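Shown here: my_file26.pdb, PDB, C-alpha atoms, pLDDT in the B column.
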```pdb
ATOM      1  CA  MET Z1197       7.923 -10.332  28.291  1.00 90.00           C
ATOM      2  CA  THR Z1198      11.201  -8.780  27.176  1.00 95.00           C
ATOM      3  CA  PRO Z1199      11.252  -6.274  24.287  1.00 95.00           C
ATOM      4  CA  ASP Z1200      12.871  -8.942  22.065  1.00 96.00           C
ATOM      5  CA  GLU Z1201      10.117 -11.428  22.910  1.00 96.00           C
ATOM      6  CA  ILE Z1202       7.479  -8.830  22.074  1.00 96.00           C
ATOM      7  CA  LEU Z1203       9.077  -8.099  18.684  1.00 97.00           C
ATOM      8  CA  LYS Z1204       9.296 -11.820  17.920  1.00 97.00           C
ATOM      9  CA  GLY Z1205       5.670 -12.262  19.034  1.00 97.00           C
ATOM     10  CA  LEU Z1206       4.523  -9.394  16.804  1.00 96.00           C
ATOM     11  CA  TYR Z1207       6.389 -10.898  13.845  1.00 97.00           C
ATOM     12  CA  ASP Z1208       5.009 -14.414  14.398  1.00 97.00           C
ATOM     13  CA  GLU Z1209       1.423 -13.425  15.178  1.00 97.00           C
ATOM     14  CA  THR Z1210       1.227 -11.050  12.178  1.00 95.00           C
ATOM     15  CA  LEU Z1211       2.460 -13.907   9.995  1.00 94.00           C
ATOM     16  CA  LEU Z1212      -0.371 -16.069  11.381  1.00 95.00           C
ATOM     17  CA  GLY Z1213      -2.917 -13.259  11.004  1.00 94.00           C
ATOM     18  CA  ASN Z1214      -3.772 -13.305  14.717  1.00 96.00           C
ATOM     19  CA  GLY Z1215      -5.207  -9.762  14.930  1.00 95.00           C
ATOM     20  CA  PRO Z1216      -6.292  -9.743  18.608  1.00 96.00           C
ATOM     21  CA  ARG Z1217      -2.864 -10.983  19.758  1.00 97.00           C
ATOM     22  CA  VAL Z1218      -1.021  -8.461  17.532  1.00 97.00           C
ATOM     23  CA  LEU Z1219      -3.087  -5.663  19.078  1.00 96.00           C
ATOM     24  CA  GLU Z1220      -2.466  -6.988  22.584  1.00 97.00           C
ATOM     25  CA  LEU Z1221       1.303  -7.133  22.006  1.00 97.00           C
ATOM     26  CA  THR Z1222       1.279  -3.629  20.493  1.00 97.00           C
ATOM     27  CA  HIS Z1223      -0.384  -2.202  23.607  1.00 97.00           C
ATOM     28  CA  GLU Z1224       1.957  -4.206  25.845  1.00 96.00           C
ATOM     29  CA  ALA Z1225       4.998  -2.837  23.976  1.00 97.00           C
ATOM     30  CA  LEU Z1226       3.782   0.749  24.248  1.00 96.00           C
ATOM     31  CA  GLY Z1227       3.085   0.178  27.957  1.00 96.00           C
ATOM     32  CA  MET Z1228       6.761  -0.761  28.284  1.00 96.00           C
ATOM     33  CA  GLU Z1229       7.628   2.479  26.443  1.00 94.00           C
ATOM     34  CA  MET Z1230       9.061   0.679  23.423  1.00 95.00           C
ATOM     35  CA  GLU Z1231       9.478   2.938  20.376  1.00 92.00           C
ATOM     36  CA  PRO Z1232       6.630   2.780  17.810  1.00 90.00           C
ATOM     37  CA  GLN Z1233       9.283   2.797  15.041  1.00 86.00           C
ATOM     38  CA  ALA Z1234      10.863  -0.358  16.502  1.00 91.00           C
ATOM     39  CA  LEU Z1235       7.525  -2.191  16.381  1.00 93.00           C
ATOM     40  CA  LEU Z1236       7.012  -1.106  12.787  1.00 86.00           C
ATOM     41  CA  PHE Z1237      10.496  -1.584  11.316  1.00 84.00           C
ATOM     42  CA  ASP Z1238      11.741  -4.513  13.443  1.00 92.00           C
ATOM     43  CA  ALA Z1239       8.589  -6.653  13.522  1.00 94.00           C
ATOM     44  CA  LEU Z1240       5.524  -5.617  11.519  1.00 90.00           C
ATOM     45  CA  ILE Z1241       7.156  -4.643   8.201  1.00 84.00           C
ATOM     46  CA  PRO Z1242       9.533  -7.670   8.146  1.00 88.00           C
ATOM     47  CA  SER Z1243       6.557  -9.940   8.897  1.00 91.00           C
ATOM     48  CA  LEU Z1244       4.486  -8.504   6.054  1.00 85.00           C
ATOM     49  CA  GLU Z1245       7.496  -8.788   3.730  1.00 82.00           C
ATOM     50  CA  GLU Z1246       7.686 -12.480   4.642  1.00 89.00           C
ATOM     51  CA  VAL Z1247       3.935 -12.801   3.917  1.00 86.00           C
ATOM     52  CA  GLY Z1248       4.613 -11.325   0.455  1.00 80.00           C
ATOM     53  CA  ALA Z1249       7.545 -13.708  -0.100  1.00 84.00           C
ATOM     54  CA  ARG Z1250       5.417 -16.706   0.911  1.00 89.00           C
ATOM     55  CA  PHE Z1251       2.669 -15.572  -1.463  1.00 83.00           C
ATOM     56  CA  GLU Z1252       5.160 -15.361  -4.324  1.00 79.00           C
ATOM     57  CA  ARG Z1253       6.493 -18.845  -3.524  1.00 88.00           C
ATOM     58  CA  GLY Z1254       2.950 -20.228  -3.520  1.00 90.00           C
ATOM     59  CA  ASP Z1255       3.043 -21.062   0.225  1.00 93.00           C
ATOM     60  CA  TYR Z1256       0.440 -18.385   1.024  1.00 89.00           C
ATOM     61  CA  PHE Z1257      -2.694 -17.449  -0.906  1.00 85.00           C
ATOM     62  CA  VAL Z1258      -4.930 -14.353  -0.954  1.00 78.00           C
ATOM     63  CA  PRO Z1259      -6.880 -15.312   2.239  1.00 86.00           C
ATOM     64  CA  GLU Z1260      -3.639 -15.661   4.244  1.00 89.00           C
ATOM     65  CA  MET Z1261      -2.386 -12.346   2.885  1.00 84.00           C
ATOM     66  CA  LEU Z1262      -5.662 -10.670   3.805  1.00 83.00           C
ATOM     67  CA  ILE Z1263      -5.751 -11.901   7.397  1.00 90.00           C
ATOM     68  CA  ALA Z1264      -2.072 -11.031   7.928  1.00 90.00           C
ATOM     69  CA  GLY Z1265      -2.729  -7.609   6.408  1.00 85.00           C
ATOM     70  CA  ARG Z1266      -5.724  -7.061   8.659  1.00 86.00           C
ATOM     71  CA  ALA Z1267      -3.709  -8.085  11.720  1.00 91.00           C
ATOM     72  CA  MET Z1268      -1.106  -5.490  10.843  1.00 89.00           C
ATOM     73  CA  ALA Z1269      -3.768  -2.880  10.035  1.00 86.00           C
ATOM     74  CA  GLY Z1270      -5.097  -3.207  13.591  1.00 89.00           C
ATOM     75  CA  ALA Z1271      -1.661  -2.432  15.014  1.00 91.00           C
ATOM     76  CA  MET Z1272      -1.228   0.440  12.550  1.00 86.00           C
ATOM     77  CA  GLU Z1273      -4.438   2.101  13.819  1.00 87.00           C
ATOM     78  CA  VAL Z1274      -2.719   2.408  17.199  1.00 92.00           C
ATOM     79  CA  LEU Z1275       0.770   3.241  15.883  1.00 88.00           C
ATOM     80  CA  ARG Z1276      -0.098   5.689  13.091  1.00 82.00           C
ATOM     81  CA  PRO Z1277      -0.748   8.775  15.298  1.00 85.00           C
ATOM     82  CA  LEU Z1278       2.331   7.973  17.412  1.00 86.00           C
ATOM     83  CA  LEU Z1279       4.518   7.617  14.320  1.00 79.00           C
ATOM     84  CA  ALA Z1280       3.188  10.946  13.013  1.00 74.00           C
ATOM     85  CA  GLU Z1281       4.184  12.598  16.299  1.00 77.00           C
ATOM     86  CA  THR Z1282       7.734  11.248  16.057  1.00 74.00           C
ATOM     87  CA  GLY Z1283       7.973  12.525  12.464  1.00 70.00           C
ATOM     88  CA  VAL Z1284       9.060   9.143  11.118  1.00 68.00           C
ATOM     89  CA  GLU Z1285       9.916   9.559   7.449  1.00 72.00           C
ATOM     90  CA  THR Z1286       7.793   7.704   4.940  1.00 79.00           C
ATOM     91  CA  VAL Z1287       9.093   6.058   1.761  1.00 88.00           C
ATOM     92  CA  GLY Z1288       6.708   8.185  -0.284  1.00 94.00           C
ATOM     93  CA  LYS Z1289       3.082   9.205  -0.686  1.00 95.00           C
ATOM     94  CA  PHE Z1290       0.684   6.903  -2.580  1.00 97.00           C
ATOM     95  CA  LEU Z1291      -2.810   8.061  -3.597  1.00 98.00           C
ATOM     96  CA  MET Z1292      -5.115   5.152  -4.407  1.00 97.00           C
ATOM     97  CA  GLY Z1293      -8.656   4.677  -5.693  1.00 97.00           C
ATOM     98  CA  THR Z1294     -10.957   2.305  -7.562  1.00 96.00           C
ATOM     99  CA  VAL Z1295     -12.025   3.936 -10.821  1.00 97.00           C
ATOM    100  CA  LYS Z1296     -15.447   5.400 -11.633  1.00 97.00           C
ATOM    101  CA  GLY Z1297     -18.113   2.750 -12.267  1.00 95.00           C
ATOM    102  CA  ASP Z1298     -16.362   0.125 -10.125  1.00 95.00           C
ATOM    103  CA  VAL Z1299     -17.180  -0.659  -6.494  1.00 93.00           C
ATOM    104  CA  HIS Z1300     -14.664  -3.451  -5.880  1.00 88.00           C
ATOM    105  CA  ASP Z1301     -12.103  -2.761  -3.187  1.00 86.00           C
ATOM    106  CA  ILE Z1302     -10.797  -5.982  -1.595  1.00 79.00           C
ATOM    107  CA  GLY Z1303      -7.678  -6.061  -3.795  1.00 82.00           C
ATOM    108  CA  LYS Z1304      -7.153  -2.318  -3.438  1.00 89.00           C
ATOM    109  CA  ASN Z1305      -7.449  -2.540   0.346  1.00 85.00           C
ATOM    110  CA  LEU Z1306      -4.912  -5.354   0.494  1.00 81.00           C
ATOM    111  CA  VAL Z1307      -2.485  -3.339  -1.639  1.00 88.00           C
ATOM    112  CA  ASN Z1308      -2.990  -0.342   0.666  1.00 88.00           C
ATOM    113  CA  ILE Z1309      -2.116  -2.418   3.731  1.00 81.00           C
ATOM    114  CA  MET Z1310       0.996  -3.832   2.053  1.00 81.00           C
ATOM    115  CA  LEU Z1311       2.091  -0.347   0.920  1.00 87.00           C
ATOM    116  CA  GLU Z1312       1.570   1.074   4.386  1.00 83.00           C
ATOM    117  CA  GLY Z1313       3.459  -1.877   5.816  1.00 76.00           C
ATOM    118  CA  ALA Z1314       6.346  -1.048   3.496  1.00 79.00           C
ATOM    119  CA  GLY Z1315       6.517   2.517   4.827  1.00 81.00           C
ATOM    120  CA  PHE Z1316       4.362   4.430   2.324  1.00 89.00           C
ATOM    121  CA  GLU Z1317       1.853   7.050   3.417  1.00 89.00           C
ATOM    122  CA  VAL Z1318      -1.370   5.873   1.745  1.00 93.00           C
ATOM    123  CA  ILE Z1319      -4.320   8.117   0.893  1.00 96.00           C
ATOM    124  CA  ASP Z1320      -7.290   5.934  -0.067  1.00 96.00           C
ATOM    125  CA  LEU Z1321     -10.041   7.659  -2.055  1.00 97.00           C
ATOM    126  CA  GLY Z1322     -12.309   4.608  -1.929  1.00 96.00           C
ATOM    127  CA  VAL Z1323     -14.377   3.353  -4.877  1.00 96.00           C
ATOM    128  CA  GLN Z1324     -16.155   4.968  -7.841  1.00 97.00           C
ATOM    129  CA  VAL Z1325     -13.518   7.718  -8.050  1.00 98.00           C
ATOM    130  CA  ALA Z1326     -14.126  10.072 -10.975  1.00 97.00           C
ATOM    131  CA  PRO Z1327     -11.227  11.532 -13.032  1.00 98.00           C
ATOM    132  CA  GLU Z1328     -11.903  15.055 -11.708  1.00 97.00           C
ATOM    133  CA  THR Z1329     -11.718  13.725  -8.125  1.00 98.00           C
ATOM    134  CA  PHE Z1330      -8.331  12.159  -8.801  1.00 98.00           C
ATOM    135  CA  VAL Z1331      -7.130  15.486 -10.253  1.00 98.00           C
ATOM    136  CA  ALA Z1332      -8.420  17.479  -7.254  1.00 98.00           C
ATOM    137  CA  LYS Z1333      -6.936  15.063  -4.710  1.00 98.00           C
ATOM    138  CA  ILE Z1334      -3.568  14.927  -6.476  1.00 98.00           C
ATOM    139  CA  GLU Z1335      -3.502  18.714  -6.318  1.00 97.00           C
ATOM    140  CA  GLU Z1336      -4.424  18.611  -2.623  1.00 97.00           C
ATOM    141  CA  HIS Z1337      -2.083  15.825  -1.430  1.00 97.00           C
ATOM    142  CA  GLN Z1338       0.830  16.069  -3.918  1.00 96.00           C
ATOM    143  CA  PRO Z1339       1.485  12.300  -3.959  1.00 97.00           C
ATOM    144  CA  ASP Z1340       4.534  10.643  -5.507  1.00 97.00           C
ATOM    145  CA  ILE Z1341       2.421   7.860  -7.005  1.00 98.00           C
ATOM    146  CA  VAL Z1342      -1.237   7.538  -7.956  1.00 98.00           C
ATOM    147  CA  GLY Z1343      -2.833   4.106  -8.264  1.00 97.00           C
ATOM    148  CA  PHE Z1344      -5.912   3.301 -10.357  1.00 97.00           C
ATOM    149  CA  SER Z1345      -7.651   0.025  -9.543  1.00 96.00           C
ATOM    150  CA  ALA Z1346     -10.270  -1.753 -11.701  1.00 95.00           C
ATOM    151  CA  PHE Z1347     -11.877  -5.137 -11.184  1.00 91.00           C
ATOM    152  CA  LEU Z1348     -14.236  -5.087 -14.168  1.00 92.00           C
ATOM    153  CA  THR Z1349     -13.160  -5.165 -17.813  1.00 93.00           C
ATOM    154  CA  THR Z1350     -15.909  -2.591 -18.466  1.00 95.00           C
ATOM    155  CA  THR Z1351     -14.261  -0.050 -16.144  1.00 96.00           C
ATOM    156  CA  MET Z1352     -10.670  -0.527 -17.371  1.00 96.00           C
ATOM    157  CA  PRO Z1353     -11.071   2.243 -20.022  1.00 96.00           C
ATOM    158  CA  MET Z1354     -11.287   4.666 -17.064  1.00 97.00           C
ATOM    159  CA  PHE Z1355      -7.500   4.303 -16.728  1.00 98.00           C
ATOM    160  CA  LYS Z1356      -7.083   6.171 -20.009  1.00 97.00           C
ATOM    161  CA  ALA Z1357      -9.764   8.719 -19.049  1.00 98.00           C
ATOM    162  CA  ASN Z1358      -7.926   9.379 -15.759  1.00 98.00           C
ATOM    163  CA  ILE Z1359      -4.542   9.758 -17.465  1.00 98.00           C
ATOM    164  CA  ASN Z1360      -6.107  12.114 -20.038  1.00 98.00           C
ATOM    165  CA  ALA Z1361      -7.545  14.182 -17.173  1.00 98.00           C
ATOM    166  CA  LEU Z1362      -4.082  14.407 -15.572  1.00 98.00           C
ATOM    167  CA  GLN Z1363      -2.587  15.510 -18.889  1.00 97.00           C
ATOM    168  CA  LYS Z1364      -5.296  18.132 -19.354  1.00 97.00           C
ATOM    169  CA  ALA Z1365      -4.624  19.446 -15.826  1.00 97.00           C
ATOM    170  CA  GLY Z1366      -0.891  19.652 -16.616  1.00 97.00           C
ATOM    171  CA  MET Z1367       0.097  17.247 -13.860  1.00 96.00           C
ATOM    172  CA  ARG Z1368       0.817  13.995 -15.715  1.00 96.00           C
ATOM    173  CA  ASP Z1369       4.584  14.440 -15.405  1.00 94.00           C
ATOM    174  CA  ASP Z1370       4.342  15.212 -11.686  1.00 94.00           C
ATOM    175  CA  VAL Z1371       3.131  11.773 -10.616  1.00 97.00           C
ATOM    176  CA  ILE Z1372       3.957   8.152 -11.270  1.00 97.00           C
ATOM    177  CA  VAL Z1373       0.825   6.351 -12.480  1.00 98.00           C
ATOM    178  CA  MET Z1374       0.311   2.705 -11.507  1.00 98.00           C
ATOM    179  CA  VAL Z1375      -2.624   0.508 -12.530  1.00 97.00           C
ATOM    180  CA  GLY Z1376      -3.878  -2.866 -11.357  1.00 95.00           C
ATOM    181  CA  GLY Z1377      -6.809  -5.180 -10.805  1.00 92.00           C
ATOM    182  CA  ALA Z1378      -7.886  -8.707 -11.693  1.00 87.00           C
ATOM    183  CA  PRO Z1379      -8.377  -8.271 -15.482  1.00 92.00           C
ATOM    184  CA  VAL Z1380      -5.475  -5.837 -16.001  1.00 95.00           C
ATOM    185  CA  THR Z1381      -2.305  -6.930 -17.830  1.00 96.00           C
ATOM    186  CA  GLN Z1382       1.089  -5.387 -18.465  1.00 96.00           C
ATOM    187  CA  GLU Z1383       0.110  -4.975 -22.125  1.00 97.00           C
ATOM    188  CA  TYR Z1384      -3.012  -3.022 -21.166  1.00 97.00           C
ATOM    189  CA  ALA Z1385      -1.047  -0.849 -18.744  1.00 97.00           C
ATOM    190  CA  ASP Z1386       1.427  -0.044 -21.533  1.00 97.00           C
ATOM    191  CA  ALA Z1387      -1.389   0.677 -23.991  1.00 97.00           C
ATOM    192  CA  VAL Z1388      -3.041   3.288 -21.735  1.00 97.00           C
ATOM    193  CA  GLY Z1389       0.282   4.958 -20.907  1.00 97.00           C
ATOM    194  CA  ALA Z1390       0.686   3.942 -17.256  1.00 97.00           C
ATOM    195  CA  ASP Z1391       4.162   3.984 -15.705  1.00 97.00           C
ATOM    196  CA  GLY Z1392       3.731   0.740 -13.820  1.00 97.00           C
ATOM    197  CA  TYR Z1393       1.598  -2.361 -13.339  1.00 97.00           C
ATOM    198  CA  ALA Z1394       1.622  -5.134 -10.753  1.00 92.00           C
ATOM    199  CA  ALA Z1395      -0.315  -8.390 -10.690  1.00 88.00           C
ATOM    200  CA  ASP Z1396      -0.548  -8.588  -6.897  1.00 84.00           C
ATOM    201  CA  ALA Z1397      -0.026  -6.626  -3.684  1.00 82.00           C
ATOM    202  CA  SER Z1398       3.573  -7.611  -2.970  1.00 79.00           C
ATOM    203  CA  GLY Z1399       4.497  -6.961  -6.608  1.00 87.00           C
ATOM    204  CA  CYS Z1400       2.906  -3.525  -6.324  1.00 92.00           C
ATOM    205  CA  VAL Z1401       5.100  -2.623  -3.348  1.00 89.00           C
ATOM    206  CA  ARG Z1402       8.261  -3.697  -5.187  1.00 90.00           C
ATOM    207  CA  LYS Z1403       7.262  -1.878  -8.383  1.00 95.00           C
ATOM    208  CA  ALA Z1404       6.264   1.300  -6.506  1.00 96.00           C
ATOM    209  CA  LYS Z1405       9.619   1.407  -4.713  1.00 94.00           C
ATOM    210  CA  SER Z1406      11.625   0.860  -7.896  1.00 95.00           C
ATOM    211  CA  LEU Z1407       9.650   3.462  -9.890  1.00 96.00           C
ATOM    212  CA  LEU Z1408      10.059   6.002  -7.090  1.00 95.00           C
ATOM    213  CA  GLN Z1409      13.766   5.275  -6.793  1.00 94.00           C
ATOM    214  CA  ALA Z1410      14.241   5.700 -10.553  1.00 94.00           C
ATOM    215  CA  LYS Z1411      12.305   8.992 -10.570  1.00 93.00           C
ATOM    216  CA  ARG Z1412      14.298  10.407  -7.660  1.00 92.00           C
ATOM    217  CA  ALA Z1413      17.586   9.351  -9.241  1.00 91.00           C
ATOM    218  CA  LYS Z1414      16.547  11.107 -12.451  1.00 86.00           C
ATOM    219  CA  VAL Z1415      15.770  14.317 -10.530  1.00 82.00           C
ATOM    220  CA  LEU Z1416      19.194  14.198  -8.856  1.00 83.00           C
ATOM    221  CA  ALA Z1417      21.008  13.447 -12.109  1.00 71.00           C
TER     222      ALA Z1417
END
```

Have the structure of the file written as structure tokens, please.
Amino acid sequence: MTPDEILKGLYDETLLGNGPRVLELTHEALGMEMEPQALLFDALIPSLEEVGARFERGDYFVPEMLIAGRAMAGAMEVLRPLLAETGVETVGKFLMGTVKGDVHDIGKNLVNIMLEGAGFEVIDLGVQVAPETFVAKIEEHQPDIVGFSAFLTTTMPMFKANINALQKAGMRDDVIVMVGGAPVTQEYADAVGADGYAADASGCVRKAKSLLQAKRAKVLA
């Protein structure tokens, strides 16, 4: 296969969610000494962006997004260390976790894959993350954005508890706070004092990029 055929294959097979074939093509490309950045920016990211666009148009649903995301995640396992070696610049750093009392992570994991696919460095703290853990990890990793995820209405008040903890630690102004999850609304996000909310994974990527852009422009102004 030519490099162009490999890139087209990666794009098409990611779109279809064909994980084994995506992995096979990734290894084949690296065997031909193709650049990891080319695979990421010329095939995998555009494919995942198309998945997001199809989801928004109603042509794709959550299962299709998940399998496409997983297909890309398999390739990223191989590419991540190589990209780190080449010092490829990330869009920004995103720290993510499901709040204390909540063990749901399917939506969070999908968002993580989409963010990584869009060029973010993602640090996933997992589920049941306590406010003090968020504070400690923000201090450790210095992310641009922190994401709080909740699937249960009973755990949504943890958003406010987390934001209060950030304020108490004197770091609220240092990070952009985004919230999301099945029962969460824009109104609720506004009420707890979050900077951003998204209803789905592709919306989260768009919102994260625009919030980060606005913050950086403000710093430069």

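Comparing Z:Met1228, Z:Ile1309, Z:Ala1239, Z:Ala1378 by their smallest distance to Met1352 of chain Z, the closest is Z:Ala1378 (using all atoms listed in the file).
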
From the options Z:Thr1351, Z:Thr1329, Z:Thr1294, Z:Thr1286, which residue's atoms come nearest to Phe1316 of chain Z, counting only C-alpha atoms?
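With only C-alpha atoms as the atom set, the closest residue is Z:Thr1286.
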
Pick out the closest residue to Ala1346 of chain Z from this set: Z:Val1380, Z:Val1274, Z:Met1230, Z:Ala1280. Count all atoms listed in the file.
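For Ala1346 of chain Z, the nearest of the given residues is Z:Val1380.
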
In Å to one decimal, how far is atom CA of Leu1291 of chain Z from atom CA of Leu1321 of chain Z?
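Calculated distance between atom CA of Leu1321 of chain Z and atom CA of Leu1291 of chain Z is 7.4 Å.
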
With distances taken over all atoms listed in the file, which of Z:Leu1203, Z:Leu1362, Z:Val1331, Z:Ala1404 is nearest to Asp1238 of chain Z?
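So, comparing all the options, the nearest one is Z:Leu1203.
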
Going by the chain IDs and residue numbers used in this file, which residues fall under the PyMOL selection byres ((chain Z and resi 1249) around 12)? Write them as an MDAnalysis selection string.
chainID Z and resid 1211 1242:1248 1250:1257 1261 1396:1399 1401:1402

Looking at all atoms listed in the file, which of Z:Gln1338, Z:Gln1324, Z:Asn1305, Z:Ser1345 is the one that sits closest to Leu1262 of chain Z?
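Looking at the shortest contact to Leu1262 of chain Z, the residue is Z:Asn1305.
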
Atom pair atom CA of Leu1278 of chain Z / atom CA of Leu1236 of chain Z: separation (Å):
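Going from atom CA of Leu1278 of chain Z over to atom CA of Leu1236 of chain Z, I get 11.2 Å.
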
Which residues fall under the PyMOL selection byres ((chain Z and resi 1233) around 12) in this file, as an mmCIF file with C-alpha atoms, in the frame of the given file?
```
data_model
loop_
_atom_site.group_PDB
_atom_site.id
_atom_site.type_symbol
_atom_site.label_atom_id
_atom_site.label_comp_id
_atom_site.auth_asym_id
_atom_site.auth_seq_id
_atom_site.Cartn_x
_atom_site.Cartn_y
_atom_site.Cartn_z
ATOM 1 C CA LEU Z 1203 9.077 -8.099 18.684
ATOM 2 C CA THR Z 1222 1.279 -3.629 20.493
ATOM 3 C CA ALA Z 1225 4.998 -2.837 23.976
ATOM 4 C CA LEU Z 1226 3.782 0.749 24.248
ATOM 5 C CA GLU Z 1229 7.628 2.479 26.443
ATOM 6 C CA MET Z 1230 9.061 0.679 23.423
ATOM 7 C CA GLU Z 1231 9.478 2.938 20.376
ATOM 8 C CA PRO Z 1232 6.630 2.780 17.810
ATOM 9 C CA ALA Z 1234 10.863 -0.358 16.502
ATOM 10 C CA LEU Z 1235 7.525 -2.191 16.381
ATOM 11 C CA LEU Z 1236 7.012 -1.106 12.787
ATOM 12 C CA PHE Z 1237 10.496 -1.584 11.316
ATOM 13 C CA ASP Z 1238 11.741 -4.513 13.443
ATOM 14 C CA ALA Z 1239 8.589 -6.653 13.522
ATOM 15 C CA LEU Z 1240 5.524 -5.617 11.519
ATOM 16 C CA ILE Z 1241 7.156 -4.643 8.201
ATOM 17 C CA MET Z 1272 -1.228 0.440 12.550
ATOM 18 C CA LEU Z 1275 0.770 3.241 15.883
ATOM 19 C CA ARG Z 1276 -0.098 5.689 13.091
ATOM 20 C CA PRO Z 1277 -0.748 8.775 15.298
ATOM 21 C CA LEU Z 1278 2.331 7.973 17.412
ATOM 22 C CA LEU Z 1279 4.518 7.617 14.320
ATOM 23 C CA ALA Z 1280 3.188 10.946 13.013
ATOM 24 C CA GLU Z 1281 4.184 12.598 16.299
ATOM 25 C CA THR Z 1282 7.734 11.248 16.057
ATOM 26 C CA GLY Z 1283 7.973 12.525 12.464
ATOM 27 C CA VAL Z 1284 9.060 9.143 11.118
ATOM 28 C CA GLU Z 1285 9.916 9.559 7.449
ATOM 29 C CA THR Z 1286 7.793 7.704 4.940
ATOM 30 C CA GLY Z 1313 3.459 -1.877 5.816
ATOM 31 C CA GLY Z 1315 6.517 2.517 4.827
#
```

Quick one: residues within 12 Å of Asn1360 of chain Z, only C-alpha atoms counted, chain neighbours fewer than 2 positions away excluded, as a ChimeraX atom specification?
/Z:1327-1328,1330-1331,1353-1358,1362-1369,1373,1388-1390

Select all residues near (-9.7, 6.9, -2.4) (cut-off 8 Å, inclusive, file coordinates), counting all atoms listed in the file, and output them as a list in words.
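The answer, in the requested form, is Leu1291, Met1292, Gly1293, Thr1294, Ile1319, Asp1320, Leu1321, Gly1322, Val1323 and Val1325 of chain Z.
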
Give me a file of those residues, with C-alpha atoms, as a compact mmCIF listing (two decimals), in the coordinates of the input.
```
# COMPACT_ATOMS: atom_id res chain seq x y z
CA LEU Z 1291 -2.81 8.06 -3.60
CA MET Z 1292 -5.12 5.15 -4.41
CA GLY Z 1293 -8.66 4.68 -5.69
CA THR Z 1294 -10.96 2.31 -7.56
CA ILE Z 1319 -4.32 8.12 0.89
CA ASP Z 1320 -7.29 5.93 -0.07
CA LEU Z 1321 -10.04 7.66 -2.06
CA GLY Z 1322 -12.31 4.61 -1.93
CA VAL Z 1323 -14.38 3.35 -4.88
CA VAL Z 1325 -13.52 7.72 -8.05
```

What does the structure give for the distance between atom CA of Val1307 of chain Z and atom CA of Leu1416 of chain Z, in Å to one decimal?
28.8 Å

Here's the selection I'm unsure about, the PyMOL selection byres ((chain Z and resi 1382) around 9); applied to the file above, which residues does it give, as a ChimeraX atom specification?
/Z:1380-1381,1383-1387,1392-1395

From the options Z:Gly1227, Z:Gly1288, Z:Pro1259, Z:Pro1199, which residue's atoms come nearest to Lys1405 of chain Z, counting only C-alpha atoms?
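Selected residue with least distance to Lys1405 of chain Z: Z:Gly1288.
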
Taking 5 positions as the minimum chain separation for residues in the same chain, which residues sit within 9 Å of Arg1217 of chain Z when counting only C-alpha atoms? Answer as a list in words.
Gly1205, Leu1206, Glu1209, Thr1210, Thr1222 and Ala1267 of chain Z

Taking the structure in the block just given, could you write segment 1275-1288 of chain Z with C-alpha atoms, as a short mmCIF file (atom, residue, chain, number, x, y, z; two decimals), in the first residue's frame?
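Result file follows (selection35.cif):
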```cif
data_model
loop_
_atom_site.label_atom_id
_atom_site.label_comp_id
_atom_site.auth_asym_id
_atom_site.auth_seq_id
_atom_site.Cartn_x
_atom_site.Cartn_y
_atom_site.Cartn_z
CA LEU Z 1275 1.20 6.24 18.68
CA ARG Z 1276 1.16 8.01 22.06
CA PRO Z 1277 4.75 7.15 23.14
CA LEU Z 1278 6.04 7.92 19.63
CA LEU Z 1279 4.27 11.28 19.58
CA ALA Z 1280 5.72 12.09 23.01
CA GLU Z 1281 9.21 11.37 21.67
CA THR Z 1282 8.72 13.73 18.73
CA GLY Z 1283 7.50 16.45 21.12
CA VAL Z 1284 4.30 17.03 19.16
CA GLU Z 1285 2.49 19.99 20.70
CA THR Z 1286 -0.88 19.35 22.26
CA VAL Z 1287 -3.86 21.71 22.08
CA GLY Z 1288 -3.98 21.81 25.87
#
```
